[in-house]
Number of protein chains: 6
Amino acid sequence: VINPNSSATMTETIAAGARAAASPGTQIVALRPAHGPTAIDSSYESYLAAAAVMELTPALPAVDAVVLAGFGEHGRDGLAEALAVPVFDIAEAAAHVAMLIGRAYSVVTTLARSIAPIEDRLKLAGLFDRCASVRACGWSTAAVDADPQGAIAAIVAQARIAVEADRAEAIILGCAGMAGIDEAIGSALGVPVVDGVAAAVRLAEAVVGLQLTTSKVCTFASPEPNPIIARTSP
Amino acid sequence: VINPNSSATMTETIAAGARAAASPGTQIVALRPAHGPTAIDSSYESYLAAAAVMELTPALPAVDAVVLAGFGEHGRDGLAEALAVPVFDIAEAAAHVAMLIGRAYSVVTTLARSIAPIEDRLKLAGLFDRCASVRACGWSTAAVDADPQGAIAAIVAQARIAVEADRAEAIILGCAGMAGIDEAIGSALGVPVVDGVAAAVRLAEAVVGLQLTTSKVCTFASPEPNPIIARTSP
Amino acid sequence: VINPNSSATMTETIAAGARAAASPGTQIVALRPAHGPTAIDSSYESYLAAAAVMELTPALPAVDAVVLAGFGEHGRDGLAEALAVPVFDIAEAAAHVAMLIGRAYSVVTTLARSIAPIEDRLKLAGLFDRCASVRACGWSTAAVDADPQGAIAAIVAQARIAVEADRAEAIILGCAGMAGIDEAIGSALGVPVVDGVAAAVRLAEAVVGLQLTTSKVCTFASPEPNPIIARTSP
Amino acid sequence: VINPNSSATMTETIAAGARAAASPGTQIVALRPAHGPTAIDSSYESYLAAAAVMELTPALPAVDAVVLAGFGEHGRDGLAEALAVPVFDIAEAAAHVAMLIGRAYSVVTTLARSIAPIEDRLKLAGLFDRCASVRACGWSTAAVDADPQGAIAAIVAQARIAVEADRAEAIILGCAGMAGIDEAIGSALGVPVVDGVAAAVRLAEAVVGLQLTTSKVCTFASPEPNPIIARTSP
Amino acid sequence: VINPNSSATMTETIAAGARAAASPGTQIVALRPAHGPTAIDSSYESYLAAAAVMELTPALPAVDAVVLAGFGEHGRDGLAEALAVPVFDIAEAAAHVAMLIGRAYSVVTTLARSIAPIEDRLKLAGLFDRCASVRACGWSTAAVDADPQGAIAAIVAQARIAVEADRAEAIILGCAGMAGIDEAIGSALGVPVVDGVAAAVRLAEAVVGLQLTTSKVCTFASPEPNPIIARTSP
Amino acid sequence: VINPNSSATMTETIAAGARAAASPGTQIVALRPAHGPTAIDSSYESYLAAAAVMELTPALPAVDAVVLAGFGEHGRDGLAEALAVPVFDIAEAAAHVAMLIGRAYSVVTTLARSIAPIEDRLKLAGLFDRCASVRACGWSTAAVDADPQGAIAAIVAQARIAVEADRAEAIILGCAGMAGIDEAIGSALGVPVVDGVAAAVRLAEAVVGLQLTTSKVCTFASPEPNPIIARTSP
């Protein structure tokens, strides 16, 4: 599991979520870039993070699959090129699982500015047809940290609109998982809630179990590298 | 695993495929309707089979998930309503897995008349955006049985067109799995081949492992049954 | 006209509606399956009904066209295969007529769970582009029977939202026709109201008059039947 | 039936086709503009013709419906506004009928430059989803007149590609009907052939029989005319 | 710049707007048809105007590009055929510019009946994907003239809904530009406002500067004219 | 003009092209990252380059607009966030211009693996509806350098298929401009050829001339930066 941002604590949270979701025999290795933004709230930061993730690939430990744990962020296709093992984006993984259990799904994310990148990711993944809506609760990551209960109320409120007005039948959390949020939505609305990291870990197990990996026939073929000019200063 | 047709031998073949694909701890129970068509090559037969599958549901053994092993056939949404456990259609499952490992996928099926129903199933599942093509090898099931090597050659030929002209990067087998076909396509074309039964079994394990099941909030809510007039003769 | 459910009274109502809509020279024969659900409120029941309709086909009287009088229900494509005469689904027929007289149309149906199957039918028929919305009045068939005036008010309320918010310019009744409902909507909203059975009967006359029938070149070719295992008990 | 071009002979041909297709009780009145292009092979001419058709509306005889007999040409929506009776475009009418009898349809027209306008008309009518292709035989109207047998061969050749490569199951003639062309395509390819004028006449009968007409609630409401500056010279 | 209606004052307003938007070296020639409607509020009038515009083409002065200054109106493709210089429709031009500066755009027009033609134009131009909405302020041109301040308030109100509910990030004025409206929207909502005439003039300069013009290879090839029957009376 | 790769010679070529396309009063400043790949042939390299471009933004000279001169590459949306001036991606710019002068356009690029990223960029930009095809000539950048005449022949061959089979009416060069290629395609096929850098420069002039810039209301609002962990070694 690669956390695209450089925050140690967020990486630990993601690792814990991945371990909780994994099957008994699965071992989780959690990585993060040594540099780059500690949180990603814009495309600008997303590109910096994606490049930092690319730089991790030459020294990646031997694993069976990689989960890229950024919701709607860049980097998936570059990893798919660079690696022989399959790569799982958590936004895509959550949508795959949601479509398997419900007629339509909605995503609830943090800020309104993240709606467009998430829609873009789902469109490029060919998973947007059954997306009922992408909604923002309007709380930044910092605000969520300062008042988790308030954030949960805001997220449940958006999930309710998604179910009642947009006709979503499953909810995807498009933001860092918070303790208790699944239960809060489930009990309030009676719909299943999909967590991207958990979904990606289980789909990774499924694809590895099928002995399949990324097709290397064209788009994701291993790139023949061009010369790279190194930095002269950090 | 429910085979929608009533053929005992085909049910055994599907069960064997499902067992080969399953994780160690997963137990496969293979079922088939007691009546109905022994093979399904038309919508007419597909409806008869779907109804026969519906009739299986009241007496279904206790399972964690159901795989409906008919490619492009009817019945999935009725099962999703009737059952508390999640339901996995093999055409959908194969497309989900193919999209996780390749930019675009093609399906190779038996007869041209099956192209439309398969396209319909993929469209309704919201998985058609990244479908490069659905192609038919032109061999009926009976013809395949009579000359398996010839059938493999015909399937590989269509898969080649899918990869070279339609830009598919993964191939889904839209017909009963044949020994050696994966290897034949893989060695000839260098693309991954997805088998629907295997994909559905592994996705079922993933969703069950996530402790998720079909959303019952609207479309797939358990139906309140209307009175049924029984048959007066078999 | 085939009513896919087994209710005698509903079949009579449909027959009366068909006769009222037909041209002077057209003779209506109304049929229903001898068994199966007496009303269809789920996909589960829809498959049972579709199979029962398939079983009617061998003994069908000599007719020029068949109208399948279930709104959003299964069975149309199986009939199109099995029969030499053209087949008209009432949901499709209503949408064709609505598109001929208005920029966009909405469907008002009974329960929310029926929205998805109706959308599916319209999508597969290639008629969804100009569908402004499918809305549910929230009254079950039983509730409608118990309080027709209340049901009409609920339907008119949804039709009003369709016209004013969704910009529908014609309304399709996606539920059993009720006396007075056309007039109620028409006088309240000033938009044309299309009844599926009437639309299908008139389109059937048109296609028969053009001496055209279902194309048998591929998808709807007459199926070569596979062996069917008979029931051993009713 | 309004022929949008000013050719007397083509108007007679269209009138004859409409009369042959009409039900016994239907009376056909054929009209054409008193001025404007005698044939329409461009958007430029199509606009001139559409305006000339608009000018016919104030003095239109009392009819139950109007058929606009130009394939892919402009004018339909202006007529729908100006008239209280329903209006039937022959390209749309042909597509409606083709979709009722086949999975997908193709249009075969004259010159390649007409492909785009026909696609546009079908898209705006919401009927493009099931259009397999629009193909041009490459013969201009004049060339068709000079060598009808050659033209038929060219049309059948394009129809064959439509059926075999594009998977069309019905063919629409997007050019002036020629004697024998239906039979030539039918016998060569075994698919139904839809003529736009005939389809429009029968659909007009159907809609009039349903006592429906154009919705006047918004888009096609009768326009409140602005002052018009008259021509000072012919 | 061709104003498709015959109003002299509106032509002057458009000419002034075009001149204000043009680069220093660009010279604006404003034309209008000698006859036809003085304002265009329906498809009926739009066809009359389009034909009158076509009649202008033989005597057009030598220009580098033509701007067709009708929002959502007909005629663009006929001009593209008839002229060697490139043609710019103001609705298309505004959408191109809006897409270059914002994620999604909305159009605010006059009456609800104009929504459909504007949507049609944007769809045919391939520019509808990023259209958040087309909204009508409900004021006719006459009403706007009588009470400009009231009209501005109504337009700003619709633009606010477009930004807040439809998630538009740029607003296109789909009606005759009014002094102060840009500033009113900009200060109230903080989004850029695109005027179609200005956008078209600048895009015309860009395309002319690139030494490009309309492709004449197929759809917009110069038409080979058919004989035209002249009017016998004005 | 920012060249996303770090090649000095390619930056000079792009600068020369931009200067040749610019209006007399426009001054071109060409920039490139100080580090990163010298050519971009994969998503992996594209992310590295995008991040290097992001790092240029704090010290960008005062300009009126930025052109990002990578075809189908990442970075546009991050620049749009970070900068107050408008940003022009050359793939998008070329498509805008092509749609203004032709019914449909095709892109001819270098290697097949670049087709998917270019399609993705056009889809996200909402410009894919009128894209007839993206085709690859199969020559790598190195191969083009070694044998320019051969490359031109390969590109013209693909452009010919685009025009004749895909019905493109304009061609976009999705690879570094080569002397003579416009003329070669133009004389061979008679269709206009659009160069992305030239198109972007002229569209930038147009938007700046309209006094418009990127909407900052939501998606492209200036990001509130999160803490960034610096590199400890180059």
# chains A, B, ... in the order shown; residues from 1 in each chain; ligands from 1
>>> residues_around(residues="stretch 107-117 of chain B", least_positions_apart="2", cutoff="6 Å", atoms="only C-alpha atoms", output="JSON list (two decimals) with all heavy atoms, in the first residue's frame")
[["chain", "number", "residue", "atom", "x", "y", "z"],
["B", 72, "GLY", "N", -24.09, -13.40, -20.02],
["B", 72, "GLY", "CA", -25.00, -12.51, -20.73],
["B", 72, "GLY", "C", -26.44, -12.89, -20.55],
["B", 72, "GLY", "O", -27.33, -12.32, -21.19],
["B", 119, "GLU", "N", -23.71, -7.45, -24.97],
["B", 119, "GLU", "CA", -23.59, -5.99, -24.92],
["B", 119, "GLU", "C", -24.63, -5.39, -23.97],
["B", 119, "GLU", "O", -24.34, -4.47, -23.21],
["B", 119, "GLU", "CB", -23.77, -5.40, -26.32],
["B", 119, "GLU", "CG", -22.62, -5.68, -27.25],
["B", 119, "GLU", "CD", -22.84, -5.10, -28.65],
["B", 119, "GLU", "OE1", -24.01, -4.80, -28.99],
["B", 119, "GLU", "OE2", -21.87, -4.97, -29.39],
["B", 120, "ASP", "N", -25.85, -5.92, -24.03],
["B", 120, "ASP", "CA", -26.90, -5.40, -23.15],
["B", 120, "ASP", "C", -26.53, -5.58, -21.69],
["B", 120, "ASP", "O", -26.71, -4.67, -20.87],
["B", 120, "ASP", "CB", -28.22, -6.13, -23.43],
["B", 120, "ASP", "CG", -28.90, -5.63, -24.69],
["B", 120, "ASP", "OD1", -28.40, -4.68, -25.30],
["B", 120, "ASP", "OD2", -29.94, -6.20, -25.06],
["B", 134, "VAL", "N", -17.39, -6.86, -28.73],
["B", 134, "VAL", "CA", -17.85, -8.22, -28.44],
["B", 134, "VAL", "C", -17.83, -8.94, -29.78],
["B", 134, "VAL", "O", -18.46, -8.49, -30.74],
["B", 134, "VAL", "CB", -19.27, -8.24, -27.83],
["B", 134, "VAL", "CG1", -19.72, -9.67, -27.56],
["B", 134, "VAL", "CG2", -19.33, -7.41, -26.56],
["B", 135, "ARG", "N", -17.08, -10.00, -29.87],
["B", 135, "ARG", "CA", -16.91, -10.71, -31.14],
["B", 135, "ARG", "C", -17.36, -12.16, -31.00],
["B", 135, "ARG", "O", -17.28, -12.74, -29.91],
["B", 135, "ARG", "CB", -15.42, -10.69, -31.56],
["B", 135, "ARG", "CG", -14.96, -9.30, -31.95],
["B", 135, "ARG", "CD", -13.57, -9.30, -32.57],
["B", 135, "ARG", "NE", -13.35, -8.05, -33.27],
["B", 135, "ARG", "CZ", -13.72, -7.82, -34.52],
["B", 135, "ARG", "NH1", -14.28, -8.78, -35.24],
["B", 135, "ARG", "NH2", -13.52, -6.64, -35.08],
["B", 136, "ALA", "N", -17.82, -12.70, -32.11],
["B", 136, "ALA", "CA", -18.28, -14.09, -32.11],
["B", 136, "ALA", "C", -17.35, -14.93, -32.97],
["B", 136, "ALA", "O", -16.96, -14.51, -34.07],
["B", 136, "ALA", "CB", -19.70, -14.17, -32.65],
["B", 137, "CYS", "N", -17.02, -16.13, -32.48],
["B", 137, "CYS", "CA", -16.16, -17.01, -33.28],
["B", 137, "CYS", "C", -16.98, -17.77, -34.32],
["B", 137, "CYS", "O", -16.42, -18.35, -35.24],
["B", 137, "CYS", "CB", -15.38, -17.97, -32.38],
["B", 137, "CYS", "SG", -16.42, -19.18, -31.56],
["B", 138, "GLY", "N", -18.29, -17.79, -34.16],
["B", 138, "GLY", "CA", -19.15, -18.40, -35.16],
["B", 138, "GLY", "C", -19.36, -19.90, -34.98],
["B", 138, "GLY", "O", -20.02, -20.52, -35.81],
["B", 139, "TRP", "N", -18.84, -20.45, -33.90],
["B", 139, "TRP", "CA", -19.02, -21.88, -33.63],
["B", 139, "TRP", "C", -20.10, -22.05, -32.58],
["B", 139, "TRP", "O", -20.01, -21.47, -31.50],
["B", 139, "TRP", "CB", -17.72, -22.50, -33.13],
["B", 139, "TRP", "CG", -16.64, -22.62, -34.17],
["B", 139, "TRP", "CD1", -16.15, -21.64, -34.97],
["B", 139, "TRP", "CD2", -15.94, -23.80, -34.51],
["B", 139, "TRP", "NE1", -15.17, -22.13, -35.80],
["B", 139, "TRP", "CE2", -15.01, -23.47, -35.53],
["B", 139, "TRP", "CE3", -15.97, -25.13, -34.06],
["B", 139, "TRP", "CZ2", -14.15, -24.40, -36.11],
["B", 139, "TRP", "CZ3", -15.10, -26.05, -34.62],
["B", 139, "TRP", "CH2", -14.21, -25.69, -35.65],
["B", 140, "SER", "N", -21.06, -22.92, -32.84],
["B", 140, "SER", "CA", -22.05, -23.23, -31.83],
["B", 140, "SER", "C", -21.43, -24.14, -30.78],
["B", 140, "SER", "O", -20.35, -24.71, -30.98],
["B", 140, "SER", "CB", -23.24, -23.94, -32.47],
["B", 140, "SER", "OG", -22.85, -25.24, -32.87],
["B", 171, "ILE", "N", -8.69, -10.13, -22.80],
["B", 171, "ILE", "CA", -9.74, -10.89, -23.49],
["B", 171, "ILE", "C", -10.60, -11.61, -22.45],
["B", 171, "ILE", "O", -10.07, -12.23, -21.53],
["B", 171, "ILE", "CB", -9.12, -11.92, -24.46],
["B", 171, "ILE", "CG1", -8.35, -11.20, -25.58],
["B", 171, "ILE", "CG2", -10.20, -12.83, -25.06],
["B", 171, "ILE", "CD1", -9.18, -10.40, -26.54],
["B", 172, "ILE", "N", -11.92, -11.51, -22.63],
["B", 172, "ILE", "CA", -12.85, -12.25, -21.79],
["B", 172, "ILE", "C", -13.46, -13.36, -22.63],
["B", 172, "ILE", "O", -13.88, -13.13, -23.76],
["B", 172, "ILE", "CB", -13.97, -11.32, -21.27],
["B", 172, "ILE", "CG1", -13.39, -10.30, -20.28],
["B", 172, "ILE", "CG2", -15.09, -12.11, -20.63],
["B", 172, "ILE", "CD1", -14.39, -9.26, -19.82],
["B", 173, "LEU", "N", -13.49, -14.56, -22.05],
["B", 173, "LEU", "CA", -14.09, -15.68, -22.76],
["B", 173, "LEU", "C", -15.58, -15.68, -22.47],
["B", 173, "LEU", "O", -16.00, -15.95, -21.34],
["B", 173, "LEU", "CB", -13.45, -16.99, -22.32],
["B", 173, "LEU", "CG", -11.97, -17.10, -22.70],
["B", 173, "LEU", "CD1", -11.39, -18.38, -22.12],
["B", 173, "LEU", "CD2", -11.82, -17.08, -24.21],
["B", 174, "GLY", "N", -16.37, -15.42, -23.49],
["B", 174, "GLY", "CA", -17.82, -15.36, -23.32],
["B", 174, "GLY", "C", -18.48, -16.66, -23.72],
["B", 174, "GLY", "O", -19.51, -16.65, -24.36],
["B", 175, "CYS", "N", -17.85, -17.72, -23.36],
["B", 175, "CYS", "CA", -18.40, -19.02, -23.69],
["B", 175, "CYS", "C", -17.80, -20.01, -22.70],
["B", 175, "CYS", "O", -16.88, -19.67, -21.97],
["B", 175, "CYS", "CB", -18.04, -19.41, -25.13],
["B", 175, "CYS", "SG", -16.33, -19.06, -25.56],
["C", 218, "CYS", "N", -30.18, -11.85, -37.48],
["C", 218, "CYS", "CA", -29.16, -12.16, -36.47],
["C", 218, "CYS", "C", -29.76, -12.27, -35.06],
["C", 218, "CYS", "O", -30.09, -13.35, -34.61],
["C", 218, "CYS", "CB", -28.04, -11.13, -36.51],
["C", 218, "CYS", "SG", -26.70, -11.49, -35.36],
["C", 219, "THR", "N", -29.89, -11.15, -34.38],
["C", 219, "THR", "CA", -30.23, -11.18, -32.95],
["C", 219, "THR", "C", -31.55, -11.87, -32.69],
["C", 219, "THR", "O", -31.69, -12.62, -31.72],
["C", 219, "THR", "CB", -30.26, -9.74, -32.39],
["C", 219, "THR", "OG1", -29.00, -9.14, -32.64],
["C", 219, "THR", "CG2", -30.55, -9.72, -30.91]]
>>> select_by_dssp(residues="stretch 42-88 of chain D", states="alpha helix (DSSP H)", output="PyMOL selection string")
chain D and resi 43-56+76-82
>>> select_by_dssp(residues="stretch 52-215 of chain A", states="strand (DSSP E or B)", output="number ranges by chain")
A: 66-68, 87-89, 105-109, 131-136, 170-174, 193-195
>>> write_last_selection(atoms="N, CA and C atoms", output="mmCIF file, in the first residue's frame")
data_model
loop_
_atom_site.group_PDB
_atom_site.id
_atom_site.type_symbol
_atom_site.label_atom_id
_atom_site.label_comp_id
_atom_site.auth_asym_id
_atom_site.auth_seq_id
_atom_site.Cartn_x
_atom_site.Cartn_y
_atom_site.Cartn_z
ATOM 1 N N VAL A 66 0.105 -3.698 -5.764
ATOM 2 C CA VAL A 66 0.279 -2.390 -5.135
ATOM 3 C C VAL A 66 -1.074 -1.693 -5.075
ATOM 4 N N VAL A 67 -1.392 -1.139 -3.908
ATOM 5 C CA VAL A 67 -2.572 -0.300 -3.748
ATOM 6 C C VAL A 67 -2.107 1.146 -3.641
ATOM 7 N N LEU A 68 -2.665 2.009 -4.498
ATOM 8 C CA LEU A 68 -2.333 3.433 -4.440
ATOM 9 C C LEU A 68 -3.439 4.125 -3.651
ATOM 10 N N VAL A 87 -1.850 -2.960 -10.106
ATOM 11 C CA VAL A 87 -1.950 -1.731 -9.320
ATOM 12 C C VAL A 87 -3.436 -1.416 -9.106
ATOM 13 N N PHE A 88 -3.791 -1.013 -7.889
ATOM 14 C CA PHE A 88 -5.194 -0.762 -7.554
ATOM 15 C C PHE A 88 -5.349 0.626 -6.970
ATOM 16 N N ASP A 89 -6.055 1.478 -7.693
ATOM 17 C CA ASP A 89 -6.392 2.817 -7.233
ATOM 18 C C ASP A 89 -7.601 2.700 -6.304
ATOM 19 N N TYR A 105 -24.107 4.358 -7.064
ATOM 20 C CA TYR A 105 -23.357 4.743 -5.870
ATOM 21 C C TYR A 105 -23.103 6.244 -5.909
ATOM 22 N N SER A 106 -22.879 6.812 -4.742
ATOM 23 C CA SER A 106 -22.412 8.197 -4.656
ATOM 24 C C SER A 106 -21.127 8.219 -3.846
ATOM 25 N N VAL A 107 -20.314 9.222 -4.140
ATOM 26 C CA VAL A 107 -19.091 9.453 -3.388
ATOM 27 C C VAL A 107 -19.310 10.688 -2.529
ATOM 28 N N VAL A 108 -18.918 10.634 -1.257
ATOM 29 C CA VAL A 108 -18.919 11.824 -0.414
ATOM 30 C C VAL A 108 -17.468 12.150 -0.072
ATOM 31 N N THR A 109 -17.041 13.337 -0.494
ATOM 32 C CA THR A 109 -15.659 13.738 -0.293
ATOM 33 C C THR A 109 -15.602 14.972 0.613
ATOM 34 N N CYS A 131 -22.527 6.126 -11.383
ATOM 35 C CA CYS A 131 -22.252 7.084 -10.320
ATOM 36 C C CYS A 131 -23.439 8.038 -10.214
ATOM 37 N N ALA A 132 -24.146 7.995 -9.099
ATOM 38 C CA ALA A 132 -25.307 8.874 -8.938
ATOM 39 C C ALA A 132 -24.877 10.311 -8.683
ATOM 40 N N SER A 133 -23.783 10.501 -7.962
ATOM 41 C CA SER A 133 -23.292 11.850 -7.667
ATOM 42 C C SER A 133 -21.970 11.768 -6.931
ATOM 43 N N VAL A 134 -21.198 12.848 -7.031
ATOM 44 C CA VAL A 134 -20.050 13.051 -6.146
ATOM 45 C C VAL A 134 -20.388 14.301 -5.346
ATOM 46 N N ARG A 135 -20.432 14.166 -4.047
ATOM 47 C CA ARG A 135 -20.847 15.271 -3.181
ATOM 48 C C ARG A 135 -19.731 15.608 -2.192
ATOM 49 N N ALA A 136 -19.674 16.867 -1.819
ATOM 50 C CA ALA A 136 -18.657 17.314 -0.865
ATOM 51 C C ALA A 136 -19.343 17.724 0.429
ATOM 52 N N ALA A 170 -25.507 2.853 -2.652
ATOM 53 C CA ALA A 170 -24.305 2.553 -1.864
ATOM 54 C C ALA A 170 -23.519 3.859 -1.779
ATOM 55 N N ILE A 171 -22.776 4.004 -0.693
ATOM 56 C CA ILE A 171 -22.000 5.226 -0.482
ATOM 57 C C ILE A 171 -20.519 4.873 -0.421
ATOM 58 N N ILE A 172 -19.735 5.663 -1.139
ATOM 59 C CA ILE A 172 -18.276 5.513 -1.093
ATOM 60 C C ILE A 172 -17.719 6.707 -0.327
ATOM 61 N N LEU A 173 -16.826 6.433 0.598
ATOM 62 C CA LEU A 173 -16.187 7.509 1.346
ATOM 63 C C LEU A 173 -14.978 8.002 0.566
ATOM 64 N N GLY A 174 -15.049 9.198 0.075
ATOM 65 C CA GLY A 174 -13.966 9.755 -0.737
ATOM 66 C C GLY A 174 -13.058 10.630 0.099
ATOM 67 N N VAL A 193 -21.711 0.953 2.948
ATOM 68 C CA VAL A 193 -20.672 1.972 2.826
ATOM 69 C C VAL A 193 -19.381 1.268 2.419
ATOM 70 N N VAL A 194 -18.741 1.792 1.369
ATOM 71 C CA VAL A 194 -17.528 1.158 0.848
ATOM 72 C C VAL A 194 -16.327 2.039 1.155
ATOM 73 N N ASP A 195 -15.318 1.444 1.764
ATOM 74 C CA ASP A 195 -14.059 2.138 2.028
ATOM 75 C C ASP A 195 -13.049 1.756 0.953
#
>>> closest_atom_pairs(of="chain E", to="chain A", cutoff="12 Å", atoms="only C-alpha atoms", output="Markdown table")
| residue | atom | partner | partner_atom | distance |
| --- | --- | --- | --- | --- |
| E:Gly102 | CA | A:Ala116 | CA | 11.3 |
| E:Arg103 | CA | A:Ala116 | CA | 8.0 |
| E:Ala104 | CA | A:Ala116 | CA | 9.8 |
| E:Arg130 | CA | A:Ala116 | CA | 11.3 |
| E:Glu164 | CA | A:Ala112 | CA | 10.9 |
| E:Ala165 | CA | A:Arg135 | CA | 11.5 |
| E:Arg167 | CA | A:Ala112 | CA | 9.5 |
| E:Ala168 | CA | A:Ala116 | CA | 11.6 |
| E:Glu169 | CA | A:Arg113 | CA | 11.3 |
>>> residues_around(residues="B:Val63", least_positions_apart="6", cutoff="10 Å", atoms="only C-alpha atoms", output="MDAnalysis selection string")
chainID B and resid 1 27:29 84:86
>>> residues_around(residues="B:Ala95", least_positions_apart="4", cutoff="7 Å", atoms="only C-alpha atoms", output="PyMOL selection string")
chain B and resi 91+99+127
>>> write_last_selection(atoms="N, CA, C and O atoms", output="PDB file, in the first residue's frame")
ATOM      1  N   ALA B  91     -20.552 -12.483 -16.446  1.00  0.00           N
ATOM      2  CA  ALA B  91     -20.154 -11.506 -17.470  1.00  0.00           C
ATOM      3  C   ALA B  91     -19.690 -10.219 -16.797  1.00  0.00           C
ATOM      4  O   ALA B  91     -18.642  -9.651 -17.144  1.00  0.00           O
ATOM      5  N   MET B  99     -11.154  -4.811 -16.432  1.00  0.00           N
ATOM      6  CA  MET B  99     -10.909  -3.371 -16.333  1.00  0.00           C
ATOM      7  C   MET B  99      -9.826  -3.051 -15.291  1.00  0.00           C
ATOM      8  O   MET B  99      -9.177  -2.005 -15.365  1.00  0.00           O
ATOM      9  N   LEU B 127     -20.598  -1.143 -17.481  1.00  0.00           N
ATOM     10  CA  LEU B 127     -19.218  -1.594 -17.717  1.00  0.00           C
ATOM     11  C   LEU B 127     -18.858  -1.590 -19.200  1.00  0.00           C
ATOM     12  O   LEU B 127     -17.899  -2.244 -19.612  1.00  0.00           O
TER      13      LEU B 127
END
>>> residues_around(residues="F:Ala22", least_positions_apart="5", cutoff="12 Å", atoms="only C-alpha atoms", output="number ranges by chain")
E: 205-211; F: 1, 15-17, 27-29, 197-206
